[in-house]
Amino acid sequence: MLRITGGRFRGRKLLSLRGDDVRPSGARLREAIFNILADVDGTRGVDLCCGAGTMGLEALSRGAEHVVFVDWSATSLRIVRKNLATLGIEDQATVVRADVLRRLRVPPAASPLSWLYVDPPWNYWQRAGSRRAIADRLVEIVADTASGESPDLLAEHRRGPMPFEGDPRLRALDTRTFGDAAVTFLETVAGLDAAPPSAPSNEN
């Protein structure tokens, strides 16, 4: 059972997913990330590959105005909806079933976008095609929803190299490690919104 680490719902329990491949963002990681972001009060964000929605729910607890939760798993999204209902904040969320590896349109509720957190299954980071697709989604969502200042983009991945190395559209600003996990803070590079050419790869 997970618990929210800060804000008005601090200490409240959340339903979580079960399975060997499930690794919800831990409490220490979540607390550290929101300490770095400092103030999400009144913001709008996207929890991409949201799983049980722990990052987005944490943001709502800490004052975010609206969060769009996106995942392909219907089971994950049922858990998100149950957690939202338990906290009584369904009106502050939009739940979208979509595949991060394909073009998606984020609802207008995400605009203007302040932050986006993406945490796909770690095996996605091992495949060049999946990495390119996730980079495409980040660039597309920023282009569709951002206004004025560049939003905070955060990618959770296995400890090690930043997964978007070599993609000129995304620039790494910082990486923090938490045990086996790492979170890289990113920004989009102005004027580079087209997908880079695919390099030959032996990855499957």
# chains A, B, ... in the order shown; residues from 1 in each chain; ligands from 1
>>> select_by_dssp(residues="chain A", states="strand (DSSP E or B)", output="VMD selection string")
chain A and resid 2 to 3 13 to 14 44 to 48 66 to 71 93 to 97 115 to 118 152 to 158 170 to 178 181 to 188
>>> residues_around(residues="region 5-16 of chain A", least_positions_apart="3", cutoff="8 Å", atoms="only C-alpha atoms", output="NGL selection string")
:A and (1-2 or 24 or 27 or 30-31 or 52 or 54 or 58 or 61-63 or 79 or 82-83 or 87)
>>> atom_distance(atom1="CA of Trp115 (chain A)", atom2="CA of Val142 (chain A)")
9.4 Å
>>> residues_around(residues="Ala74 (chain A)", least_positions_apart="4", cutoff="12 Å", atoms="only C-alpha atoms", output="list in words")
Leu17, Cys49, Cys50, Gly51, Ala52, Phe69, Val70, Arg78, Ile79, Val80, Arg81, Val95, Val96, Arg97, Ala98 and Asp99 of chain A
>>> write_last_selection(atoms="C-alpha atoms", output="PDB file, in the first residue's frame")
ATOM      1  CA  LEU A  17      -0.863  -2.285  -8.885  1.00  0.00           C
ATOM      2  CA  CYS A  49       2.591   6.081 -18.304  1.00  0.00           C
ATOM      3  CA  CYS A  50       0.968   6.827 -14.974  1.00  0.00           C
ATOM      4  CA  GLY A  51       0.468   3.319 -13.585  1.00  0.00           C
ATOM      5  CA  ALA A  52      -1.533   3.783 -10.377  1.00  0.00           C
ATOM      6  CA  PHE A  69      -3.335  10.727 -16.312  1.00  0.00           C
ATOM      7  CA  VAL A  70      -2.324   8.704 -19.378  1.00  0.00           C
ATOM      8  CA  ARG A  78      -9.274   1.745 -12.988  1.00  0.00           C
ATOM      9  CA  ILE A  79      -6.887   2.057 -10.037  1.00  0.00           C
ATOM     10  CA  VAL A  80      -6.312   5.746 -10.848  1.00  0.00           C
ATOM     11  CA  ARG A  81     -10.058   6.400 -10.912  1.00  0.00           C
ATOM     12  CA  VAL A  95      -8.009  10.051 -17.362  1.00  0.00           C
ATOM     13  CA  VAL A  96      -6.933   9.025 -20.864  1.00  0.00           C
ATOM     14  CA  ARG A  97      -6.281   5.561 -22.247  1.00  0.00           C
ATOM     15  CA  ALA A  98      -3.544   5.911 -24.849  1.00  0.00           C
ATOM     16  CA  ASP A  99      -0.349   4.219 -25.963  1.00  0.00           C
TER      17      ASP A  99
END
>>> residues_around(residues="Ala143 (chain A)", least_positions_apart="3", cutoff="12 Å", atoms="only C-alpha atoms", output="list in words")
Arg105, Val106, Ala110, Ser111, Pro112, Leu113, Asp136, Arg137, Leu138, Val139, Glu140, Ala146, Ser147, Gly148, Glu149, Ser150, Pro151, Arg169, Thr188, Val189, Ala190, Gly191, Leu192, Asp193 and Ala194 of chain A
>>> residues_around(residues="Gly160 (chain A)", least_positions_apart="5", cutoff="9 Å", atoms="only C-alpha atoms", output="list of chain:residue names")
A:Thr177, A:Asp180, A:Ala181, A:Ala182
>>> residues_around(residues="Ile134 (chain A)", least_positions_apart="6", cutoff="9 Å", atoms="only C-alpha atoms", output="list in words")
Val100, Leu101, Arg102, Val118, Pro120 and Tyr124 of chain A
